[in-house]
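First the structure, in the form of structure tokens, and then the observations on it.
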Amino acid sequence: MSCLNLTWVQIQTCSMFNQAGRSRSQTFSLVHPLKTNMPVSFAPPKRRRSTSPFSVSAILTKQQTLKDEESAKPSFNFKSYMLQTADLVNQALDAAVPLRDPAMIHEAMRYSLLAGGKRVRPVLCLAACELVGGSHSQAMPAACAVEMIHTMSLIHDDLPCMDNDDLRRGKPTNHKVFGEDVAVLAGDALLAFAFEHIAVNTVGVSPERIIRAVEELAKSIGAEGLVAGQVVDLNSEGLADVGLEQLEYIHLHKTAALLECSVVLGSILGGGSDSETEKLRTFARYIGLLFQVVDDILDVTKSSQELGKTAGKDLLADKVTYPKLLGIEKSREFAEKLIKDAKEQLSGFDLEKAAPLIALANYIAHRGN
């Protein structure tokens, strides 16, 4: 592990990030505010602690990031890019999962898969593919696959046995409409079909690269990836001594792993070199954690109507979040540090081709839901 002395928090910090256990670059070291270098312990410590209210302020303003976005490529229209690319993804998802027998399971799959959403993960996949010289057609099956798996994770995360939520993307959660049994099966079906979709429908890419992509996807969502984050998250609810090390572990696995995978899949399928892929992997790790820091702040600063999901549920569940451990202002500082470090990873790429990823990082930083 490498440690850095950061004057912006006036504390020496270091990261356990490169202990993730997956086949990842071992040179990456995440800068984390107010972190100790004590190892993470998942043994059940003392339960429940009291919570205190904290002040609410803005996350990252558009003014803070607009200048960077414009300097990246003044003629680049991010809103238009997102709308057009998301529309292509929605069309591909609609075609990939048609209504057929058994009708109920396909209705349940489509209900959550086509419920909207920002499509950040598939857009990241497609943008990374283009950045390294590939085309949308090469990465579209993978882009759809990561969205299918993301949707699966939302369906399962909302279940009563998990986060027990009633609202997702402004609509009743899957189990509220179809029942818990069908919701579980709909998630299972999306998970299985994601791998089939990549294997069968990816064209213009060598078999070796398709196999690499499948392996990457499997690792990112398994017991060393998304599932690991979810398990530790569940076991951490109400614990008295969950610190920043453990919180980082949760979010680097539960949230960042699939964002990282989206970018890496795009690079692999687009023909990116190993060095290009690793730079993009590091970029995605930063924005993955950034996504969660912002999400934690939004959970306490926005209404359920604004978010399209239940607001304040983390506080009610006594979950540890960045605002809870750092406060709003330090969480904002951390987010600013993450977006700066993420953009540095793109400095060696063609600036015009990198514009979508730079703009996506800015969007994640100052999104409103």
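We name chains A, B, ... following the order of the structure tokens; residues begin at 1 in each chain, and ligands are numbered from 1 as shown.
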Could I get the residues of range 190-307 of chain A with an atom no further than 12 Å from an atom of range 131-142 of chain A, each paired with its nearest atom pair and that distance in Å to one decimal, using only C-alpha atoms, sorted by chain and residue number, as a Markdown table?
```
| residue | atom | partner | partner_atom | distance |
| --- | --- | --- | --- | --- |
| A:Phe193 | CA | A:Pro141 | CA | 11.0 |
| A:Ala194 | CA | A:Ala142 | CA | 8.0 |
| A:Phe195 | CA | A:Ala142 | CA | 8.6 |
| A:Glu196 | CA | A:Pro141 | CA | 9.6 |
| A:His197 | CA | A:Pro141 | CA | 6.2 |
| A:Ile198 | CA | A:Pro141 | CA | 5.3 |
| A:Ala199 | CA | A:Pro141 | CA | 8.6 |
| A:Val200 | CA | A:Pro141 | CA | 8.8 |
| A:Asn201 | CA | A:Pro141 | CA | 6.2 |
| A:Thr202 | CA | A:Pro141 | CA | 5.8 |
| A:Val203 | CA | A:Gln138 | CA | 5.9 |
| A:Gly204 | CA | A:Gln138 | CA | 6.0 |
| A:Val205 | CA | A:Gln138 | CA | 6.6 |
| A:Ser206 | CA | A:Gln138 | CA | 10.4 |
| A:Arg209 | CA | A:Gln138 | CA | 11.0 |
| A:Ile210 | CA | A:Ala142 | CA | 9.4 |
| A:Ile211 | CA | A:Ala142 | CA | 11.8 |
| A:Arg212 | CA | A:Ala142 | CA | 11.8 |
| A:Ala213 | CA | A:Ala142 | CA | 8.2 |
| A:Val214 | CA | A:Ala142 | CA | 8.9 |
| A:Glu216 | CA | A:Ala142 | CA | 11.0 |
| A:Leu217 | CA | A:Ala142 | CA | 9.1 |
| A:Leu258 | CA | A:Ala142 | CA | 11.9 |
| A:Cys261 | CA | A:Ala142 | CA | 10.0 |
| A:Ser262 | CA | A:Ala142 | CA | 7.9 |
| A:Val263 | CA | A:Leu131 | CA | 10.3 |
| A:Val264 | CA | A:Ala142 | CA | 10.5 |
| A:Leu265 | CA | A:Ala142 | CA | 7.0 |
| A:Gly266 | CA | A:Ala139 | CA | 5.9 |
| A:Ser267 | CA | A:Val132 | CA | 6.2 |
| A:Ile268 | CA | A:Val132 | CA | 8.9 |
| A:Leu269 | CA | A:Ala139 | CA | 6.1 |
| A:Gly270 | CA | A:Gly134 | CA | 3.9 |
| A:Gly271 | CA | A:Gly134 | CA | 6.4 |
| A:Gly272 | CA | A:Val132 | CA | 5.1 |
| A:Ser273 | CA | A:Val132 | CA | 8.1 |
| A:Asp274 | CA | A:Val132 | CA | 11.0 |
| A:Ser275 | CA | A:Val132 | CA | 11.0 |
| A:Glu276 | CA | A:Val132 | CA | 7.6 |
| A:Thr277 | CA | A:Val132 | CA | 8.8 |
| A:Lys279 | CA | A:Val132 | CA | 11.4 |
| A:Leu280 | CA | A:Leu131 | CA | 9.8 |
```
Take the residues from that selection and put them in a file with C-alpha atoms, as a CSV table (one decimal), in the first residue's frame.
```csv
chain,number,residue,atom,x,y,z
A,193,PHE,CA,-29.3,-13.8,-20.1
A,194,ALA,CA,-26.7,-11.1,-19.8
A,195,PHE,CA,-23.9,-13.6,-20.4
A,196,GLU,CA,-25.8,-15.3,-23.2
A,197,HIS,CA,-26.3,-12.0,-24.9
A,198,ILE,CA,-22.6,-11.1,-25.0
A,199,ALA,CA,-21.6,-14.6,-26.1
A,200,VAL,CA,-24.1,-14.9,-28.9
A,201,ASN,CA,-24.6,-11.3,-30.2
A,202,THR,CA,-21.1,-9.7,-30.1
A,203,VAL,CA,-19.8,-9.3,-33.6
A,204,GLY,CA,-16.6,-8.0,-35.1
A,205,VAL,CA,-14.6,-9.0,-32.1
A,206,SER,CA,-12.1,-11.9,-31.7
A,209,ARG,CA,-11.5,-10.7,-26.4
A,210,ILE,CA,-15.1,-11.9,-26.0
A,211,ILE,CA,-13.9,-14.5,-23.5
A,212,ARG,CA,-11.9,-11.8,-21.6
A,213,ALA,CA,-15.0,-9.7,-21.5
A,214,VAL,CA,-17.1,-12.5,-20.1
A,216,GLU,CA,-14.3,-9.6,-16.5
A,217,LEU,CA,-18.1,-9.3,-16.1
A,258,LEU,CA,-20.0,-2.7,-12.3
A,261,CYS,CA,-16.5,-3.4,-15.6
A,262,SER,CA,-18.6,-1.3,-18.0
A,263,VAL,CA,-15.6,0.8,-19.0
A,264,VAL,CA,-13.2,-2.1,-19.1
A,265,LEU,CA,-15.6,-4.2,-21.3
A,266,GLY,CA,-15.7,-1.3,-23.8
A,267,SER,CA,-11.9,-1.1,-23.9
A,268,ILE,CA,-11.5,-4.8,-24.4
A,269,LEU,CA,-14.1,-5.2,-27.1
A,270,GLY,CA,-13.0,-2.0,-28.8
A,271,GLY,CA,-9.4,-3.4,-29.2
A,272,GLY,CA,-7.8,-1.3,-26.5
A,273,SER,CA,-4.2,-2.2,-25.4
A,274,ASP,CA,-3.5,-3.4,-21.9
A,275,SER,CA,-2.1,-0.1,-20.8
A,276,GLU,CA,-5.2,1.8,-22.2
A,277,THR,CA,-7.5,-0.7,-20.4
A,279,LYS,CA,-5.9,3.6,-17.3
A,280,LEU,CA,-9.6,3.3,-18.1
```
Looking only at the backbone, which of the residues in range 158-218 of chain A does DSSP tag as alpha helix (DSSP H), as a compact mmCIF listing (two decimals) with all heavy atoms, in the first residue's frame?
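Output contents, as saved in part-v1.txt:
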```txt
# COMPACT_ATOMS: atom_id res chain seq x y z
N ASN A 174 -40.21 -3.92 -8.32
CA ASN A 174 -40.64 -5.11 -9.04
C ASN A 174 -41.47 -6.05 -8.17
O ASN A 174 -42.52 -6.54 -8.60
CB ASN A 174 -39.42 -5.85 -9.61
CG ASN A 174 -39.78 -6.83 -10.70
OD1 ASN A 174 -40.37 -7.87 -10.45
ND2 ASN A 174 -39.42 -6.50 -11.93
N HIS A 175 -41.02 -6.28 -6.95
CA HIS A 175 -41.74 -7.23 -6.09
C HIS A 175 -43.09 -6.69 -5.65
O HIS A 175 -43.97 -7.47 -5.28
CB HIS A 175 -40.89 -7.63 -4.88
CG HIS A 175 -40.65 -6.52 -3.90
ND1 HIS A 175 -39.63 -5.61 -4.03
CD2 HIS A 175 -41.31 -6.17 -2.75
CE1 HIS A 175 -39.66 -4.76 -3.02
NE2 HIS A 175 -40.67 -5.08 -2.23
N LYS A 176 -43.27 -5.36 -5.67
CA LYS A 176 -44.56 -4.78 -5.33
C LYS A 176 -45.58 -5.02 -6.44
O LYS A 176 -46.79 -5.05 -6.18
CB LYS A 176 -44.41 -3.28 -5.07
CG LYS A 176 -43.74 -2.93 -3.76
CD LYS A 176 -44.62 -3.34 -2.59
CE LYS A 176 -44.00 -3.02 -1.26
NZ LYS A 176 -44.87 -3.42 -0.13
N VAL A 177 -45.10 -5.19 -7.65
CA VAL A 177 -45.99 -5.40 -8.80
C VAL A 177 -46.19 -6.88 -9.09
O VAL A 177 -47.32 -7.34 -9.31
CB VAL A 177 -45.42 -4.70 -10.05
CG1 VAL A 177 -46.30 -4.97 -11.28
CG2 VAL A 177 -45.29 -3.19 -9.81
N PHE A 178 -45.12 -7.66 -9.06
CA PHE A 178 -45.18 -9.05 -9.49
C PHE A 178 -45.06 -10.06 -8.35
O PHE A 178 -45.22 -11.26 -8.57
CB PHE A 178 -44.07 -9.33 -10.52
CG PHE A 178 -44.21 -8.52 -11.78
CD1 PHE A 178 -43.54 -7.33 -11.94
CD2 PHE A 178 -45.03 -8.96 -12.81
CE1 PHE A 178 -43.66 -6.57 -13.10
CE2 PHE A 178 -45.17 -8.23 -13.98
CZ PHE A 178 -44.49 -7.02 -14.13
N GLU A 180 -42.74 -11.21 -4.63
CA GLU A 180 -41.34 -11.49 -4.33
C GLU A 180 -40.80 -12.66 -5.13
O GLU A 180 -39.65 -12.63 -5.58
CB GLU A 180 -41.17 -11.77 -2.83
CG GLU A 180 -41.40 -10.55 -1.95
CD GLU A 180 -41.22 -10.87 -0.49
OE1 GLU A 180 -40.29 -11.64 -0.15
OE2 GLU A 180 -42.01 -10.39 0.33
N ASP A 181 -41.61 -13.69 -5.31
CA ASP A 181 -41.12 -14.88 -6.01
C ASP A 181 -40.75 -14.57 -7.46
O ASP A 181 -39.67 -14.92 -7.94
CB ASP A 181 -42.14 -16.02 -5.94
CG ASP A 181 -43.56 -15.58 -6.32
OD1 ASP A 181 -43.77 -14.39 -6.63
OD2 ASP A 181 -44.46 -16.45 -6.29
N VAL A 182 -41.64 -13.88 -8.16
CA VAL A 182 -41.37 -13.55 -9.56
C VAL A 182 -40.24 -12.54 -9.67
O VAL A 182 -39.42 -12.60 -10.60
CB VAL A 182 -42.65 -13.02 -10.26
CG1 VAL A 182 -42.34 -12.51 -11.66
CG2 VAL A 182 -43.71 -14.11 -10.31
N ALA A 183 -40.15 -11.61 -8.72
CA ALA A 183 -39.08 -10.61 -8.74
C ALA A 183 -37.71 -11.27 -8.63
O ALA A 183 -36.77 -10.92 -9.35
CB ALA A 183 -39.26 -9.60 -7.62
N VAL A 184 -37.59 -12.24 -7.73
CA VAL A 184 -36.33 -12.98 -7.60
C VAL A 184 -35.98 -13.67 -8.91
O VAL A 184 -34.84 -13.60 -9.40
CB VAL A 184 -36.41 -14.01 -6.46
CG1 VAL A 184 -35.19 -14.93 -6.48
CG2 VAL A 184 -36.50 -13.31 -5.11
N LEU A 185 -36.96 -14.33 -9.51
CA LEU A 185 -36.73 -15.06 -10.76
C LEU A 185 -36.44 -14.12 -11.92
O LEU A 185 -35.63 -14.45 -12.80
CB LEU A 185 -37.94 -15.94 -11.07
CG LEU A 185 -38.18 -17.10 -10.10
CD1 LEU A 185 -39.51 -17.79 -10.38
CD2 LEU A 185 -37.02 -18.10 -10.17
N ALA A 186 -37.08 -12.96 -11.94
CA ALA A 186 -36.81 -11.98 -13.00
C ALA A 186 -35.35 -11.52 -12.93
O ALA A 186 -34.68 -11.39 -13.96
CB ALA A 186 -37.76 -10.79 -12.88
N GLY A 187 -34.87 -11.28 -11.72
CA GLY A 187 -33.47 -10.91 -11.56
C GLY A 187 -32.54 -12.02 -11.99
O GLY A 187 -31.54 -11.79 -12.69
N ASP A 188 -32.87 -13.25 -11.60
CA ASP A 188 -32.06 -14.41 -12.00
C ASP A 188 -32.01 -14.54 -13.52
O ASP A 188 -30.96 -14.83 -14.11
CB ASP A 188 -32.63 -15.69 -11.39
CG ASP A 188 -32.52 -15.73 -9.88
OD1 ASP A 188 -31.74 -14.93 -9.32
OD2 ASP A 188 -33.20 -16.56 -9.26
N ALA A 189 -33.16 -14.35 -14.15
CA ALA A 189 -33.23 -14.49 -15.61
C ALA A 189 -32.40 -13.42 -16.32
O ALA A 189 -31.71 -13.71 -17.31
CB ALA A 189 -34.69 -14.42 -16.06
N LEU A 190 -32.45 -12.20 -15.82
CA LEU A 190 -31.64 -11.13 -16.42
C LEU A 190 -30.16 -11.40 -16.26
O LEU A 190 -29.36 -11.15 -17.18
CB LEU A 190 -32.01 -9.78 -15.78
CG LEU A 190 -33.34 -9.18 -16.21
CD1 LEU A 190 -33.70 -8.00 -15.30
CD2 LEU A 190 -33.29 -8.71 -17.66
N LEU A 191 -29.77 -11.93 -15.11
CA LEU A 191 -28.37 -12.25 -14.86
C LEU A 191 -27.88 -13.30 -15.85
O LEU A 191 -26.82 -13.14 -16.48
CB LEU A 191 -28.21 -12.76 -13.42
CG LEU A 191 -26.83 -13.27 -13.03
CD1 LEU A 191 -25.78 -12.18 -13.14
CD2 LEU A 191 -26.86 -13.83 -11.60
N ALA A 192 -28.63 -14.37 -16.00
CA ALA A 192 -28.22 -15.44 -16.91
C ALA A 192 -28.20 -14.97 -18.36
O ALA A 192 -27.26 -15.26 -19.11
CB ALA A 192 -29.17 -16.64 -16.76
N PHE A 193 -29.22 -14.21 -18.73
CA PHE A 193 -29.33 -13.79 -20.12
C PHE A 193 -28.23 -12.80 -20.51
O PHE A 193 -27.83 -12.74 -21.68
CB PHE A 193 -30.70 -13.17 -20.39
CG PHE A 193 -30.92 -12.83 -21.84
CD1 PHE A 193 -30.91 -13.82 -22.81
CD2 PHE A 193 -31.10 -11.51 -22.23
CE1 PHE A 193 -31.10 -13.50 -24.15
CE2 PHE A 193 -31.29 -11.18 -23.56
CZ PHE A 193 -31.29 -12.18 -24.53
N ALA A 194 -27.73 -12.03 -19.55
CA ALA A 194 -26.67 -11.07 -19.84
C ALA A 194 -25.46 -11.76 -20.46
O ALA A 194 -24.88 -11.28 -21.46
CB ALA A 194 -26.26 -10.33 -18.57
N PHE A 195 -25.06 -12.89 -19.90
CA PHE A 195 -23.90 -13.62 -20.42
C PHE A 195 -24.21 -14.25 -21.78
O PHE A 195 -23.36 -14.24 -22.68
CB PHE A 195 -23.46 -14.68 -19.41
CG PHE A 195 -22.84 -14.09 -18.18
CD1 PHE A 195 -23.60 -13.87 -17.04
CD2 PHE A 195 -21.50 -13.74 -18.16
CE1 PHE A 195 -23.04 -13.31 -15.91
CE2 PHE A 195 -20.92 -13.18 -17.03
CZ PHE A 195 -21.69 -12.96 -15.91
N GLU A 196 -25.39 -14.78 -21.91
CA GLU A 196 -25.80 -15.33 -23.21
C GLU A 196 -25.77 -14.24 -24.28
O GLU A 196 -25.31 -14.47 -25.41
CB GLU A 196 -27.21 -15.92 -23.12
CG GLU A 196 -27.74 -16.46 -24.44
CD GLU A 196 -29.18 -16.91 -24.36
OE1 GLU A 196 -29.68 -17.12 -23.23
OE2 GLU A 196 -29.82 -17.04 -25.42
N HIS A 197 -26.24 -13.06 -23.94
CA HIS A 197 -26.34 -11.97 -24.91
C HIS A 197 -24.96 -11.55 -25.43
O HIS A 197 -24.77 -11.33 -26.63
CB HIS A 197 -27.05 -10.78 -24.27
CG HIS A 197 -27.49 -9.75 -25.25
ND1 HIS A 197 -28.38 -10.02 -26.27
CD2 HIS A 197 -27.16 -8.43 -25.38
CE1 HIS A 197 -28.59 -8.92 -26.97
NE2 HIS A 197 -27.86 -7.94 -26.46
N ILE A 198 -23.98 -11.45 -24.52
CA ILE A 198 -22.61 -11.13 -24.96
C ILE A 198 -22.05 -12.22 -25.85
O ILE A 198 -21.49 -11.97 -26.93
CB ILE A 198 -21.68 -10.93 -23.75
CG1 ILE A 198 -22.01 -9.64 -23.01
CG2 ILE A 198 -20.22 -10.89 -24.19
CD1 ILE A 198 -21.10 -9.35 -21.85
N ALA A 199 -22.18 -13.47 -25.41
CA ALA A 199 -21.57 -14.59 -26.13
C ALA A 199 -22.16 -14.78 -27.52
O ALA A 199 -21.44 -15.08 -28.48
CB ALA A 199 -21.73 -15.87 -25.31
N VAL A 200 -23.47 -14.58 -27.65
CA VAL A 200 -24.14 -14.88 -28.91
C VAL A 200 -24.16 -13.69 -29.87
O VAL A 200 -24.05 -13.87 -31.09
CB VAL A 200 -25.59 -15.35 -28.63
CG1 VAL A 200 -26.38 -15.51 -29.93
CG2 VAL A 200 -25.58 -16.67 -27.86
N ASN A 201 -24.26 -12.49 -29.35
CA ASN A 201 -24.56 -11.34 -30.21
C ASN A 201 -23.39 -10.39 -30.47
O ASN A 201 -23.53 -9.47 -31.28
CB ASN A 201 -25.71 -10.54 -29.60
CG ASN A 201 -27.02 -11.31 -29.63
OD1 ASN A 201 -27.63 -11.49 -30.67
ND2 ASN A 201 -27.44 -11.80 -28.46
N PRO A 207 -12.75 -14.02 -30.69
CA PRO A 207 -13.23 -14.87 -29.59
C PRO A 207 -12.44 -14.67 -28.30
O PRO A 207 -13.01 -14.74 -27.21
CB PRO A 207 -13.05 -16.29 -30.14
CG PRO A 207 -13.10 -16.14 -31.62
CD PRO A 207 -12.46 -14.81 -31.91
N GLU A 208 -11.13 -14.42 -28.43
CA GLU A 208 -10.31 -14.23 -27.24
C GLU A 208 -10.76 -13.02 -26.44
O GLU A 208 -10.82 -13.07 -25.20
CB GLU A 208 -8.83 -14.07 -27.65
CG GLU A 208 -8.19 -15.32 -28.22
CD GLU A 208 -8.57 -15.59 -29.67
OE1 GLU A 208 -9.14 -14.68 -30.31
OE2 GLU A 208 -8.30 -16.70 -30.15
N ARG A 209 -11.08 -11.96 -27.13
CA ARG A 209 -11.53 -10.75 -26.44
C ARG A 209 -12.93 -10.92 -25.85
O ARG A 209 -13.24 -10.37 -24.79
CB ARG A 209 -11.46 -9.54 -27.37
CG ARG A 209 -10.04 -9.04 -27.60
CD ARG A 209 -9.98 -7.74 -28.39
NE ARG A 209 -8.60 -7.27 -28.50
CZ ARG A 209 -8.02 -6.39 -27.68
NH1 ARG A 209 -8.72 -5.86 -26.70
NH2 ARG A 209 -6.77 -6.01 -27.85
N ILE A 210 -13.78 -11.67 -26.52
CA ILE A 210 -15.11 -11.94 -25.97
C ILE A 210 -15.00 -12.74 -24.68
O ILE A 210 -15.69 -12.47 -23.69
CB ILE A 210 -15.99 -12.67 -27.00
CG1 ILE A 210 -16.25 -11.77 -28.22
CG2 ILE A 210 -17.31 -13.11 -26.37
CD1 ILE A 210 -16.99 -12.46 -29.35
N ILE A 211 -14.11 -13.73 -24.66
CA ILE A 211 -13.89 -14.53 -23.45
C ILE A 211 -13.36 -13.65 -22.32
O ILE A 211 -13.79 -13.77 -21.17
CB ILE A 211 -12.92 -15.70 -23.75
CG1 ILE A 211 -13.61 -16.71 -24.67
CG2 ILE A 211 -12.48 -16.38 -22.45
CD1 ILE A 211 -12.68 -17.80 -25.18
N ARG A 212 -12.42 -12.76 -22.64
CA ARG A 212 -11.91 -11.83 -21.63
C ARG A 212 -13.04 -10.97 -21.06
O ARG A 212 -13.09 -10.71 -19.85
CB ARG A 212 -10.84 -10.93 -22.24
CG ARG A 212 -9.46 -11.55 -22.35
CD ARG A 212 -8.48 -10.55 -22.96
NE ARG A 212 -8.33 -9.35 -22.14
CZ ARG A 212 -7.73 -8.23 -22.55
NH1 ARG A 212 -7.24 -8.16 -23.79
NH2 ARG A 212 -7.63 -7.19 -21.74
N ALA A 213 -13.92 -10.54 -21.94
CA ALA A 213 -15.03 -9.69 -21.49
C ALA A 213 -15.97 -10.46 -20.56
O ALA A 213 -16.42 -9.94 -19.53
CB ALA A 213 -15.79 -9.17 -22.70
N VAL A 214 -16.27 -11.71 -20.92
CA VAL A 214 -17.15 -12.54 -20.08
C VAL A 214 -16.51 -12.78 -18.72
O VAL A 214 -17.18 -12.70 -17.68
CB VAL A 214 -17.46 -13.87 -20.79
CG1 VAL A 214 -18.14 -14.85 -19.83
CG2 VAL A 214 -18.34 -13.64 -22.01
N GLU A 215 -15.21 -13.06 -18.71
CA GLU A 215 -14.50 -13.27 -17.45
C GLU A 215 -14.55 -12.00 -16.59
O GLU A 215 -14.79 -12.07 -15.38
CB GLU A 215 -13.05 -13.66 -17.72
CG GLU A 215 -12.22 -13.85 -16.46
CD GLU A 215 -10.75 -14.06 -16.74
OE1 GLU A 215 -10.33 -13.89 -17.90
OE2 GLU A 215 -10.01 -14.38 -15.80
N GLU A 216 -14.31 -10.86 -17.20
CA GLU A 216 -14.33 -9.58 -16.48
C GLU A 216 -15.69 -9.34 -15.84
O GLU A 216 -15.80 -8.93 -14.68
CB GLU A 216 -13.98 -8.45 -17.44
CG GLU A 216 -13.82 -7.10 -16.79
CD GLU A 216 -12.50 -6.93 -16.07
OE1 GLU A 216 -11.49 -7.51 -16.52
OE2 GLU A 216 -12.48 -6.20 -15.06
N LEU A 217 -16.73 -9.58 -16.61
CA LEU A 217 -18.08 -9.35 -16.13
C LEU A 217 -18.41 -10.27 -14.96
O LEU A 217 -18.99 -9.85 -13.95
CB LEU A 217 -19.09 -9.53 -17.26
CG LEU A 217 -20.56 -9.25 -16.94
CD1 LEU A 217 -20.74 -7.83 -16.43
CD2 LEU A 217 -21.43 -9.48 -18.17
N ALA A 218 -18.05 -11.54 -15.09
CA ALA A 218 -18.33 -12.51 -14.03
C ALA A 218 -17.64 -12.13 -12.72
O ALA A 218 -18.24 -12.17 -11.64
CB ALA A 218 -17.90 -13.91 -14.47
```
Pick from A:Arg119, A:His253, A:Arg367, A:Arg285 nearest to Ile297 in chain A, counting only C-alpha atoms:
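Closest candidate: A:Arg367.
Counting only C-alpha atoms, Asp296 in chain A has the following residues at most 8 Å away, ignoring those fewer than 4 positions along the same chain: Gln292, Val300, Thr321, Tyr322 and Pro323 of chain A.
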Write the selection just made, keeping N, CA, C and O atoms, as a PDB file, in the first residue's frame?
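Saved result, result_21.pdb, follows:
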```
ATOM      1  N   GLN A 292     -20.983   6.965  -5.647  1.00  0.00           N
ATOM      2  CA  GLN A 292     -21.569   6.609  -4.356  1.00  0.00           C
ATOM      3  C   GLN A 292     -21.509   7.762  -3.363  1.00  0.00           C
ATOM      4  O   GLN A 292     -22.433   7.958  -2.573  1.00  0.00           O
ATOM      5  N   VAL A 300     -29.763  12.418   1.491  1.00  0.00           N
ATOM      6  CA  VAL A 300     -30.180  13.264   2.609  1.00  0.00           C
ATOM      7  C   VAL A 300     -30.487  14.707   2.199  1.00  0.00           C
ATOM      8  O   VAL A 300     -30.865  15.522   3.039  1.00  0.00           O
ATOM      9  N   THR A 321     -22.697   6.140   5.966  1.00  0.00           N
ATOM     10  CA  THR A 321     -22.528   6.822   4.687  1.00  0.00           C
ATOM     11  C   THR A 321     -21.397   7.831   4.819  1.00  0.00           C
ATOM     12  O   THR A 321     -20.943   8.134   5.927  1.00  0.00           O
ATOM     13  N   TYR A 322     -20.959   8.373   3.697  1.00  0.00           N
ATOM     14  CA  TYR A 322     -19.901   9.373   3.740  1.00  0.00           C
ATOM     15  C   TYR A 322     -20.325  10.635   4.502  1.00  0.00           C
ATOM     16  O   TYR A 322     -19.554  11.128   5.338  1.00  0.00           O
ATOM     17  N   PRO A 323     -21.524  11.175   4.256  1.00  0.00           N
ATOM     18  CA  PRO A 323     -21.925  12.336   5.055  1.00  0.00           C
ATOM     19  C   PRO A 323     -21.990  12.038   6.554  1.00  0.00           C
ATOM     20  O   PRO A 323     -21.692  12.901   7.377  1.00  0.00           O
TER      21      PRO A 323
END
```
(Q) Env of Val227 in chain A: 7 Å cut, atoms = only C-alpha atoms, seq-sep filter 5 positions within chain, self excluded. Answer as a ChimeraX atom specification. (A) /A:221-222,254
Query - strand (DSSP E or B) per DSSP on the backbone: members of range 89-319 of chain A, as a PyMOL selection string - result: chain A and resi 167-168+171-172+239
